[in-house]
Structure formats: structure tokens, C-alpha cells
>>> print(open('work-v6.txt').read())   # compact mmCIF, C-alpha atoms
# COMPACT_ATOMS: atom_id res chain seq x y z
CA MET A 10 -7.55 136.16 47.81
CA LYS A 11 -4.90 133.70 46.67
CA ILE A 12 -1.98 135.38 44.88
CA PRO A 13 -0.51 133.40 41.96
CA MET A 14 3.13 132.32 42.29
CA SER A 15 3.91 134.10 39.03
CA ASP A 16 3.00 137.40 40.72
CA LEU A 17 5.04 136.65 43.84
CA LEU A 18 8.23 135.90 41.90
CA PRO A 19 9.07 139.48 40.75
CA PRO A 20 8.75 141.05 44.27
CA VAL A 21 10.84 138.21 45.74
CA LEU A 22 13.56 138.72 43.13
CA VAL A 23 13.48 142.48 43.70
CA ALA A 24 13.73 141.96 47.47
CA LEU A 25 16.73 139.65 47.01
CA ALA A 26 18.37 142.13 44.65
CA LEU A 27 17.80 144.95 47.14
CA ALA A 28 19.23 142.84 49.98
CA VAL A 29 22.35 142.09 47.91
CA ALA A 30 22.62 145.77 46.95
CA VAL A 31 22.33 146.86 50.60
CA SER A 32 24.98 144.37 51.73
CA VAL A 33 27.32 145.47 48.93
CA PHE A 34 26.63 149.11 49.77
CA ILE A 35 27.46 148.58 53.46
CA SER A 36 30.63 146.70 52.60
CA GLU A 37 31.79 149.25 50.05
CA THR A 38 31.01 152.27 52.24
CA ARG A 39 32.91 150.68 55.12
CA ALA A 40 35.88 150.09 52.83
CA PHE A 41 35.62 153.66 51.55
CA ARG A 42 35.58 155.00 55.09
CA ASN A 43 38.70 153.02 55.94
CA ALA A 44 40.34 154.30 52.75
CA VAL A 45 39.42 157.89 53.58
CA SER A 46 40.79 157.47 57.11
CA GLY A 47 44.01 155.97 55.67
CA TRP A 48 44.43 158.81 53.19
CA ALA A 49 43.89 161.39 55.93
CA ALA A 50 46.33 159.63 58.27
CA ARG A 51 49.07 159.53 55.64
CA ASP A 52 48.48 163.13 54.67
CA LEU A 53 48.49 164.23 58.30
CA ASP A 54 51.73 162.32 58.97
CA SER A 55 53.51 164.10 56.13
CA ARG A 56 52.14 167.45 57.19
CA THR A 57 53.26 166.80 60.78
CA ALA A 58 56.81 166.07 59.55
CA LEU A 59 56.81 169.35 57.61
CA ALA A 60 55.42 171.21 60.64
CA ALA A 61 58.14 169.74 62.87
CA ALA A 62 60.82 170.81 60.38
CA HIS A 63 59.28 174.31 60.15
CA LEU A 64 59.04 174.74 63.94
CA ARG A 65 62.48 173.32 64.75
CA GLU A 66 64.23 176.72 64.70
CA PRO A 67 61.42 178.73 66.44
CA LEU A 68 61.28 176.13 69.22
CA ALA A 69 65.04 176.11 69.62
CA THR A 70 65.19 179.94 69.83
CA GLY A 71 61.94 180.31 71.76
CA ASP A 72 60.32 182.39 69.02
CA PHE A 73 56.74 182.00 70.20
CA ARG A 74 55.56 184.65 67.78
CA ALA A 75 56.51 182.41 64.86
CA ILE A 76 54.96 179.43 66.63
CA HIS A 77 51.69 181.34 67.14
CA ALA A 78 51.68 182.47 63.51
CA PHE A 79 52.19 178.91 62.31
CA GLY A 80 49.47 177.66 64.65
CA ALA A 81 47.07 180.30 63.32
CA SER A 82 47.75 179.20 59.75
CA CYS A 83 47.09 175.59 60.77
CA ALA A 84 43.85 176.60 62.46
CA GLU A 85 42.72 178.33 59.26
CA ASP A 86 43.19 175.01 57.47
CA GLY A 87 41.20 173.23 60.18
CA VAL A 88 44.26 171.52 61.64
CA ARG A 89 45.01 171.55 65.34
CA LEU A 90 48.63 172.21 66.33
CA THR A 91 49.87 171.13 69.72
CA VAL A 92 53.46 171.41 71.01
CA PHE A 93 54.56 169.34 74.00
CA SER A 94 57.69 169.80 76.06
CA ALA A 95 59.94 166.89 76.98
CA PRO A 96 58.33 166.41 80.43
CA GLY A 97 54.91 166.28 78.71
CA GLY A 98 53.54 169.73 79.36
CA VAL A 99 51.69 171.64 76.69
CA VAL A 100 53.80 174.46 75.34
CA PHE A 101 51.35 175.59 72.64
CA ASP A 102 47.85 174.57 71.53
CA SER A 103 46.05 176.22 68.62
CA VAL A 104 42.65 175.31 70.12
CA ALA A 105 41.60 176.97 73.35
CA ARG A 106 40.54 174.73 76.21
CA ALA A 107 36.97 176.06 76.07
CA LYS A 108 36.75 175.11 72.41
CA ASP A 109 38.59 171.82 72.75
CA HIS A 110 37.05 168.93 70.89
CA GLU A 111 38.03 165.38 70.14
CA THR A 112 39.89 164.68 66.93
CA SER A 113 39.53 161.54 64.94
CA ILE A 114 43.19 161.10 63.97
CA TYR A 115 46.48 162.75 64.86
CA ALA A 116 50.15 162.47 64.02
CA GLU A 117 53.12 163.27 66.27
CA LYS A 118 56.76 164.03 65.41
CA THR A 119 59.79 164.75 67.63
CA CYS A 120 61.39 168.14 67.22
CA GLY A 121 64.49 168.31 69.41
CA GLU A 122 63.33 168.49 73.00
CA PHE A 123 59.72 169.04 71.88
CA LYS A 124 56.97 167.02 70.22
CA VAL A 125 54.77 168.47 67.52
CA ARG A 126 51.25 167.00 67.10
CA LEU A 127 48.75 167.76 64.33
CA GLY A 128 45.14 166.66 64.63
CA LEU A 129 42.21 166.63 62.21
CA PRO A 130 38.57 166.92 63.43
CA LEU A 131 36.33 163.93 62.81
CA ALA A 132 33.93 165.97 60.69
CA ARG A 133 36.68 167.03 58.30
CA VAL A 134 38.21 163.57 58.05
CA LEU A 135 34.86 161.87 57.23
CA ALA A 136 33.39 164.68 55.12
CA PRO A 137 34.19 162.98 51.74
CA TYR A 138 32.87 159.67 53.06
CA ARG A 139 29.65 161.24 54.30
CA ARG A 140 29.08 163.09 51.04
CA ALA A 141 29.66 159.94 49.05
CA ARG A 142 27.40 157.90 51.36
CA LEU A 143 24.64 160.48 51.09
CA GLY A 144 24.93 160.38 47.32
CA PHE A 145 24.82 156.60 47.33
CA LEU A 146 21.76 156.63 49.62
CA LEU A 147 19.95 159.12 47.38
CA ALA A 148 20.80 157.11 44.29
CA ALA A 149 19.67 153.88 46.01
CA ALA A 150 16.42 155.52 47.13
CA VAL A 151 15.69 156.81 43.64
CA GLY A 152 16.64 153.49 42.07
CA GLY A 153 14.62 151.49 44.61
CA ALA A 154 11.60 153.74 44.09
CA GLY A 155 11.95 153.29 40.34
CA VAL A 156 12.22 149.53 40.67
CA MET A 157 9.20 149.39 42.98
CA LEU A 158 7.20 151.53 40.55
CA ILE A 159 8.16 149.18 37.73
CA VAL A 160 7.21 146.14 39.84
CA LEU A 161 3.90 147.69 40.89
CA PHE A 162 3.15 148.67 37.31
CA THR A 163 4.00 145.15 36.13
CA LEU A 164 1.80 143.57 38.82
CA ARG A 165 -1.06 145.91 37.96
CA GLN A 166 -0.71 145.13 34.28
CA ARG A 167 -0.72 141.39 35.04
CA ALA A 168 -3.79 141.78 37.22
CA ARG A 169 -5.48 143.75 34.47
CA MET A 170 -4.55 141.10 31.90
CA ARG A 171 -5.95 138.37 34.15
CA GLU A 172 -9.14 140.37 34.59
CA LEU A 173 -9.42 140.81 30.84
CA ALA A 174 -8.76 137.10 30.38
CA ARG A 175 -11.51 136.28 32.89
CA ASP A 176 -13.90 138.64 31.11
CA ARG A 177 -12.96 137.08 27.78
CA ASP A 178 -13.51 133.57 29.15
CA ALA A 179 -16.81 134.63 30.69
CA GLN A 180 -17.94 136.13 27.39
CA ARG A 181 -16.80 133.01 25.56
CA ARG A 182 -18.75 130.84 27.98
CA LEU A 183 -21.76 133.10 27.58
CA VAL A 184 -21.53 132.82 23.80
CA GLU A 185 -21.26 129.03 24.10
CA GLU A 186 -24.27 128.94 26.40
CA LEU A 187 -26.23 131.14 24.01
CA LYS A 188 -25.27 128.84 21.17
CA LYS A 189 -26.42 125.83 23.20
CA VAL A 190 -29.68 127.59 24.09
CA GLU A 191 -30.27 128.49 20.45
CA ALA A 192 -29.46 124.95 19.32
CA PHE A 193 -31.76 123.55 21.99
CA ARG A 194 -34.50 125.97 20.95
CA ARG A 195 -34.24 124.84 17.32
CA ASP A 196 -34.14 121.17 18.29
CA PHE A 197 -36.99 121.64 20.75
CA ILE A 198 -39.21 123.30 18.17
CA ALA A 199 -38.31 120.68 15.57
CA ASP A 200 -38.99 117.81 17.99
CA VAL A 201 -42.28 119.29 19.23
CA SER A 202 -43.38 119.97 15.67
CA HIS A 203 -42.57 116.40 14.68
CA GLU A 204 -44.27 114.88 17.73
CA ILE A 205 -47.41 116.99 17.28
CA LYS A 206 -47.50 116.46 13.53
CA THR A 207 -47.73 112.66 13.79
CA PRO A 208 -50.94 112.43 15.89
CA LEU A 209 -52.45 115.43 14.13
CA THR A 210 -51.92 113.74 10.77
CA GLY A 211 -53.65 110.61 12.05
CA ILE A 212 -56.55 112.65 13.43
CA ILE A 213 -56.98 114.62 10.21
CA CYS A 214 -56.82 111.54 7.98
CA SER A 215 -59.26 109.60 10.18
CA SER A 216 -61.63 112.59 10.27
CA ASP A 217 -61.54 112.89 6.47
CA LEU A 218 -62.38 109.21 6.15
CA LEU A 219 -65.22 109.53 8.66
CA CYS A 220 -66.78 112.23 6.50
CA SER A 221 -67.21 109.70 3.69
CA ASP A 222 -70.72 108.29 3.27
CA ASP A 223 -69.74 104.83 2.05
CA LEU A 224 -68.10 103.64 5.27
CA GLU A 225 -69.41 100.69 7.19
CA GLY A 226 -70.12 100.82 10.90
CA ALA A 227 -67.08 98.71 11.84
CA MET A 228 -64.76 101.01 9.89
CA ARG A 229 -66.29 104.09 11.51
CA THR A 230 -65.76 102.56 14.93
CA ARG A 231 -62.15 101.76 14.05
CA LEU A 232 -61.49 105.29 12.76
CA ALA A 233 -63.08 106.80 15.86
CA GLY A 234 -60.82 104.66 17.99
CA MET A 235 -57.78 105.82 16.00
CA ILE A 236 -58.83 109.45 16.49
CA LYS A 237 -59.23 108.88 20.21
CA THR A 238 -55.79 107.20 20.46
CA ASP A 239 -54.04 109.99 18.57
CA ALA A 240 -55.90 112.64 20.57
CA GLU A 241 -54.84 110.99 23.84
CA ARG A 242 -51.28 110.80 22.61
CA LEU A 243 -51.36 114.46 21.62
CA ASN A 244 -52.85 115.38 24.99
CA ALA A 245 -50.15 113.39 26.81
CA LEU A 246 -47.46 115.15 24.78
CA VAL A 247 -48.84 118.60 25.54
CA GLN A 248 -49.23 117.75 29.23
CA GLY A 249 -45.66 116.44 29.36
CA ILE A 250 -44.29 119.59 27.72
CA LEU A 251 -46.26 121.83 30.07
CA SER A 252 -45.21 119.83 33.13
CA LEU A 253 -41.53 119.92 32.18
CA ALA A 254 -41.69 123.64 31.39
CA ARG A 255 -43.29 124.37 34.75
CA LEU A 256 -40.69 122.29 36.61
CA GLU A 257 -37.82 124.02 34.83
CA ARG A 258 -39.27 127.52 35.06
CA ASP A 259 -40.18 127.62 38.75
CA GLY A 260 -37.86 127.05 41.67
CA PRO A 261 -38.27 124.41 44.40
CA GLU A 262 -40.01 126.86 46.75
CA SER A 263 -42.84 127.56 44.31
CA VAL A 264 -43.15 124.00 42.89
CA LEU A 265 -42.69 121.66 45.84
CA ALA A 266 -45.32 121.05 48.50
CA ARG A 267 -43.17 119.14 50.96
CA ALA A 268 -44.77 116.94 53.57
CA PRO A 269 -43.79 113.72 55.41
CA THR A 270 -44.59 110.89 52.99
CA ASP A 271 -44.47 107.13 53.48
CA LEU A 272 -42.47 106.15 50.40
CA SER A 273 -43.22 102.44 50.86
CA SER A 274 -46.99 102.97 50.82
CA LEU A 275 -46.69 105.34 47.86
CA VAL A 276 -44.79 102.74 45.80
CA ARG A 277 -47.18 99.89 46.72
CA GLU A 278 -50.28 101.90 45.82
CA LEU A 279 -48.71 103.02 42.55
CA ALA A 280 -47.76 99.46 41.62
CA ALA A 281 -51.33 98.32 42.34
CA ARG A 282 -52.77 100.99 40.04
CA LEU A 283 -50.33 100.10 37.24
CA GLU A 284 -50.89 96.36 37.56
CA PRO A 285 -53.70 96.23 34.90
CA GLN A 286 -51.45 98.03 32.43
CA ALA A 287 -48.66 95.58 33.22
CA MET A 288 -50.99 92.59 32.71
CA GLU A 289 -51.94 93.88 29.27
CA ARG A 290 -48.28 93.66 28.31
CA GLY A 291 -47.79 90.26 29.94
CA CYS A 292 -45.67 91.67 32.73
CA THR A 293 -45.78 91.73 36.54
CA ILE A 294 -44.68 94.37 39.01
CA ALA A 295 -42.84 93.13 42.11
CA VAL A 296 -42.45 95.54 45.04
CA GLU A 297 -39.86 95.16 47.79
CA ALA A 298 -40.00 97.84 50.47
CA PRO A 299 -39.82 98.14 54.27
CA ALA A 300 -43.03 98.39 56.29
CA SER A 301 -42.62 102.16 56.59
CA CYS A 302 -40.13 104.57 55.05
CA THR A 303 -40.90 108.24 55.63
CA VAL A 304 -39.27 111.06 53.68
CA GLU A 305 -40.20 114.74 53.40
CA CYS A 306 -41.08 115.40 49.77
CA ASP A 307 -43.79 116.43 47.34
CA ALA A 308 -45.79 113.19 47.21
CA GLN A 309 -47.52 114.04 43.92
CA LEU A 310 -44.29 114.82 42.07
CA VAL A 311 -42.45 111.81 43.51
CA GLU A 312 -45.35 109.58 42.53
CA SER A 313 -45.20 111.04 39.02
CA ALA A 314 -41.45 110.34 38.83
CA VAL A 315 -41.75 106.72 40.02
CA SER A 316 -44.75 106.20 37.71
CA ASN A 317 -42.72 107.43 34.74
CA LEU A 318 -39.92 104.99 35.58
CA ILE A 319 -42.30 102.01 35.91
CA VAL A 320 -44.31 102.89 32.78
CA ASN A 321 -41.06 103.40 30.87
CA ALA A 322 -39.94 99.89 31.88
CA LEU A 323 -43.35 98.38 30.97
CA ARG A 324 -43.44 100.01 27.54
CA HIS A 325 -39.86 99.69 26.32
CA SER A 326 -38.05 96.92 28.19
CA GLY A 327 -39.91 93.91 26.80
CA ALA A 328 -39.38 92.16 30.15
CA ASP A 329 -41.95 89.96 31.86
CA ARG A 330 -41.15 91.34 35.30
CA VAL A 331 -40.38 94.81 36.68
CA ALA A 332 -38.90 95.00 40.20
CA VAL A 333 -39.49 98.12 42.28
CA SER A 334 -37.65 98.46 45.60
CA VAL A 335 -37.33 101.12 48.30
CA VAL A 336 -33.90 101.19 49.98
CA PRO A 337 -33.29 103.48 52.99
CA ARG A 338 -29.75 104.80 53.34
CA ALA A 339 -27.98 106.93 55.92
CA ASP A 340 -28.51 110.21 54.10
CA ALA A 341 -31.00 109.35 51.35
CA MET A 342 -33.94 107.22 50.26
CA CYS A 343 -33.60 105.30 47.00
CA VAL A 344 -36.33 103.96 44.76
CA THR A 345 -34.98 101.41 42.28
CA VAL A 346 -36.86 100.28 39.17
CA GLU A 347 -35.18 97.31 37.52
CA ASP A 348 -36.02 95.14 34.53
CA HIS A 349 -34.22 92.39 32.65
CA GLY A 350 -35.39 93.27 29.19
CA VAL A 351 -33.57 94.45 26.07
CA GLY A 352 -31.63 97.14 27.94
CA ILE A 353 -30.21 100.40 26.62
CA PRO A 354 -27.07 100.50 24.44
CA PRO A 355 -24.06 102.18 26.10
CA GLU A 356 -23.99 105.02 23.56
CA HIS A 357 -27.51 106.07 24.59
CA ARG A 358 -27.17 105.86 28.38
CA ALA A 359 -25.71 109.34 28.78
CA ARG A 360 -28.60 110.92 26.84
CA VAL A 361 -31.66 109.04 28.05
CA PHE A 362 -32.55 111.92 30.41
CA GLU A 363 -32.55 114.52 27.63
CA ARG A 364 -35.82 115.86 26.32
CA PHE A 365 -37.25 114.08 23.27
CA HIS A 366 -34.40 111.61 23.20
CA ARG A 367 -35.52 108.09 22.33
CA VAL A 368 -33.33 105.03 22.02
CA ASP A 369 -35.45 103.78 19.09
CA GLY A 370 -37.38 106.57 17.41
CA SER A 371 -39.31 104.15 15.24
CA ARG A 372 -41.04 102.69 18.31
CA SER A 373 -42.56 105.99 19.48
CA ALA A 374 -45.68 105.65 17.38
CA GLU A 375 -46.25 102.16 18.67
CA THR A 376 -45.52 102.82 22.33
CA GLY A 377 -46.77 106.39 22.49
CA GLY A 378 -43.62 107.77 24.09
CA ALA A 379 -42.34 111.25 23.26
CA GLY A 380 -39.04 111.14 25.16
CA LEU A 381 -40.14 113.43 28.02
CA GLY A 382 -40.73 111.00 30.88
CA LEU A 383 -37.12 110.54 32.01
CA ALA A 384 -36.40 114.26 31.64
CA ILE A 385 -39.33 114.96 33.97
CA VAL A 386 -38.03 112.34 36.44
CA ARG A 387 -34.59 113.96 36.58
CA ARG A 388 -36.02 117.45 37.07
CA ILE A 389 -38.27 116.24 39.91
CA ALA A 390 -35.28 114.57 41.58
CA GLN A 391 -33.15 117.73 41.21
CA LEU A 392 -35.91 119.90 42.67
CA HIS A 393 -35.78 117.69 45.77
CA GLY A 394 -31.99 117.95 45.93
CA GLY A 395 -31.47 114.43 44.62
CA ASP A 396 -30.86 112.78 41.26
CA VAL A 397 -31.72 109.79 39.09
CA THR A 398 -29.11 107.48 37.58
CA LEU A 399 -29.07 104.62 35.12
CA GLU A 400 -27.09 101.42 35.58
CA PRO A 401 -27.06 98.26 33.47
CA ALA A 402 -28.77 95.32 35.13
CA THR A 403 -27.33 91.80 35.27
CA PRO A 404 -27.41 89.87 32.94
CA SER A 405 -29.39 92.36 30.84
CA GLY A 406 -31.82 95.20 31.23
CA CYS A 407 -31.76 98.52 33.09
CA ARG A 408 -31.73 99.72 36.67
CA PHE A 409 -32.98 103.27 37.34
CA ILE A 410 -32.19 104.63 40.84
CA LEU A 411 -34.16 107.65 42.05
CA THR A 412 -32.39 109.25 45.05
CA LEU A 413 -34.14 111.62 47.46
CA PRO A 414 -32.33 113.26 50.41
CA ALA A 415 -33.46 111.82 53.71
>>> encode(input="work-v6.txt", output="C-alpha cells")
Amino acid sequence: MKIPMSDLLPPVLVALALAVAVSVFISETRAFRNAVSGWAARDLDSRTALAAAHLREPLATGDFRAIHAFGASCAEDGVRLTVFSAPGGVVFDSVARAKDHETSIYAEKTCGEFKVRLGLPLARVLAPYRRARLGFLLAAAVGGAGVMLIVLFTLRQRARMRELARDRDAQRRLVEELKKVEAFRRDFIADVSHEIKTPLTGIICSSDLLCSDDLEGAMRTRLAGMIKTDAERLNALVQGILSLARLERDGPESVLARAPTDLSSLVRELAARLEPQAMERGCTIAVEAPASCTVECDAQLVESAVSNLIVNALRHSGADRVAVSVVPRADAMCVTVEDHGVGIPPEHRARVFERFHRVDGSRSAETGGAGLGLAIVRRIAQLHGGDVTLEPATPSGCRFILTLPA
């Protein structure tokens, strides 16, 4: 998991602060140790001078009893007393050889023909330093633990706030999606109601007129034809709604029946079947495709998608020629349907694949379109892992490109 830089900054700053504190602590404790050693050395020097002055007379008279008594008093204070003769021999030592131990510092003074030396054990000299260092270490440990607890608490609170923010954003997105779904549901019901109402009104009115007794045969035939046209339009609308609902409800595994399909043959056969419809509108269908172009797909759904694109061009473009081409690519197969008719305004191009969207709603009654064909084409392409796009043709018109993964 990637850690945000804002969360890494506090631990880095704390680590730097601790490093500075440790370096300052080491420097200060070293200076304090030197100061303690200096204080002890100066104190021991003065005490050695006093001891030499005190032992001057006992050493001159050979009063070893006084020397021993003074050495005992020094030993009680933790100070080692050693008396050397002029040749360097030890005349008196307050510490027995068996209990001899190294001292950290000592001071030596001349006393006539003798030398008096006082020594302090290392433990006694450094005792204040060690106590102070231990206190500093305990304080640093407690302070460091407190700082780490604060940092950990801060990081946990930030993580919790980010989690709450993610939950809030997720809920906000969910609310937005629910609003979109509700808006789509209202628009869908309104659009379906409007589309169904138009042919139903025509059927009802024509049926009422047919029930009249004073109609001539030609008028009856005309009304029957109107009823048939509106019924076919209503049937096409219902079939389109059901087809789109099935494509959107079921996944690719339950909808698609994939099999190797020659896309070139499929397009040629489809163009041949739609040729009479094109001739009625004064239009021709030109096919350009390689001899064979095989792709694994659901042939029935792909045929339905290409048919929707060609019929859409025949009905709404107003062109006298519709060009259909199959273009193999490295990773996909493309079916292009191009016309040079009236085209689609730029403000409508982004919405042409939405359900019930029509560029010119007033033409739906004349052309019979309900705005479902392109939505079905896009869903079929998406089920195959592809897509359908719209580009403006040159100098005018539209170019729809259906892409299927190879």
C-alpha cells in the first residue's frame, strides 16, 4: 500500500528531532563527565595538600599510629592514602594488596622526605555523572515513548479520517448514481410512454373511423394500412426495448454465442437484403471488404448491430449512397458505415448512443425511429469487448466505426 507523503513527514521530523536530541545528549553528558572529573581532581588536590600538612609531623617523628589513624579516616571517606619514601618504597597504604583496585584519579604532594598520595575510586568519581546520565536516559525514554505515542495516534487519526473521507465519497457517489438511475427511470418511462402513445393513438383513431358505416372502400383500405403501419412501429419499439433490456441485464457469457464468423460475407449478405429498402429511398449500398475476414463473435448480434447502422444511415442521412467497409487491423476488426448526407450537429454527437435520443424528434413519426438502434449497437459492441464511435465524414455526413476485438 502506498503511504502518502503527508503521513511520512511527521515520523521523519520526529526521527530527525530524536537524532539531534541524541547527539546533544551525548555531547552534554561527555562535557558533564569531564566537568565531574575536573571537580574531583581539584577537590582531591586540595585534600592531598591538607593531608600532607597533617602528616608532616607524624612522618617526621615516625608516629605510625597517627598515620594509621589518618589512613583509616580516609578509608572511611572512600579515599585511598598512600605514603612513599624518598627511594620510592611504600611506607603506608590504606588499601591492602588483596583489595587493591585501580583508581580513576589521584593527587600527590611532597611532605619532607616522603610523598603523600590520595586516590579516588572510579565508581565514586563518576557516581554523579552516572546518576545524571541514568536520569537523562529515563527522561529521554519517557519523552520518546510519549512522542511516538503522539505520532502513532496522529497517524491513526489521519488514517481514520481518510477512511471516513473515502466512505463519504463512496456514499456521495452512490447517491449520485441513485439520482442518475432515478432520473433515467423517469426519463425512460416518459420516453416509452410517449413512443407507445403515438402509434396507439393512430391505431385507436383509425379503428374508430373503420367502425363507421359511411366509409368508402378506398378509405377503409387506407385506414387499415395506417393501422398496420402503426402496429408495426409499435411492435418494433417493443422489440427494441426488450432487446436492449436483455443485452443490458445479462452478461456476455449468457448472451453471446461466439463462433468463427466471416465478417466480409456477413456484411455482403446484409447489404444484399437491405438493397430493396435502399432503392425505395433512392440510395445505394456499396460494400468494400476483403475476400475473407474471420472473427470470433455472435454472428446474429453483430449482424443486428451492422443492420442498425446501415438502416440508420438509409433513414436519416438523406444521402444517395451508403458505403460499408470491413477493415482488418492488428488487434481488431472494424466495420465502417459512412454516408455523405446531412450529418449530425456537434452538440448531438456525444448523445447519439443514448436510449431514445433523436437528433430531430419531429422526424420520428415519419421515419419510424425510436432512438434505440444506436444504443443497441453500442451494447452489442461492448458485450464483445469492443465499441462503436462516431466521426464526421468529409465533406459532410457521418462515419460510424464498429470495432470488434480480433
>>> closest_residue(input="work-v6.txt", among="A:Leu143, A:Ile159, A:Met235, A:Val386", to="Leu310 (chain A)", atoms="all atoms listed in the file")
A:Val386
>>> closest_residue(input="work-v6.txt", among="A:Pro269, A:Pro354, A:Gly153, A:Pro414", to="His393 (chain A)", atoms="all atoms listed in the file")
A:Pro414
>>> atom_distance(input="work-v6.txt", atom1="CA of Ser316 (chain A)", atom2="CA of Val296 (chain A)")
13.1 Å
>>> atom_distance(input="work-v6.txt", atom1="CA of Val276 (chain A)", atom2="CA of Asn321 (chain A)")
15.4 Å
>>> residues_near_point(input="work-v6.txt", point="(52.7, 165.3, 70.8)", cutoff="6 Å", atoms="all atoms listed in the file", output="PyMOL selection string")
chain A and resi 93+117+124-126
>>> atom_distance(input="work-v6.txt", atom1="CA of Ile294 (chain A)", atom2="CA of Val331 (chain A)")
4.9 Å
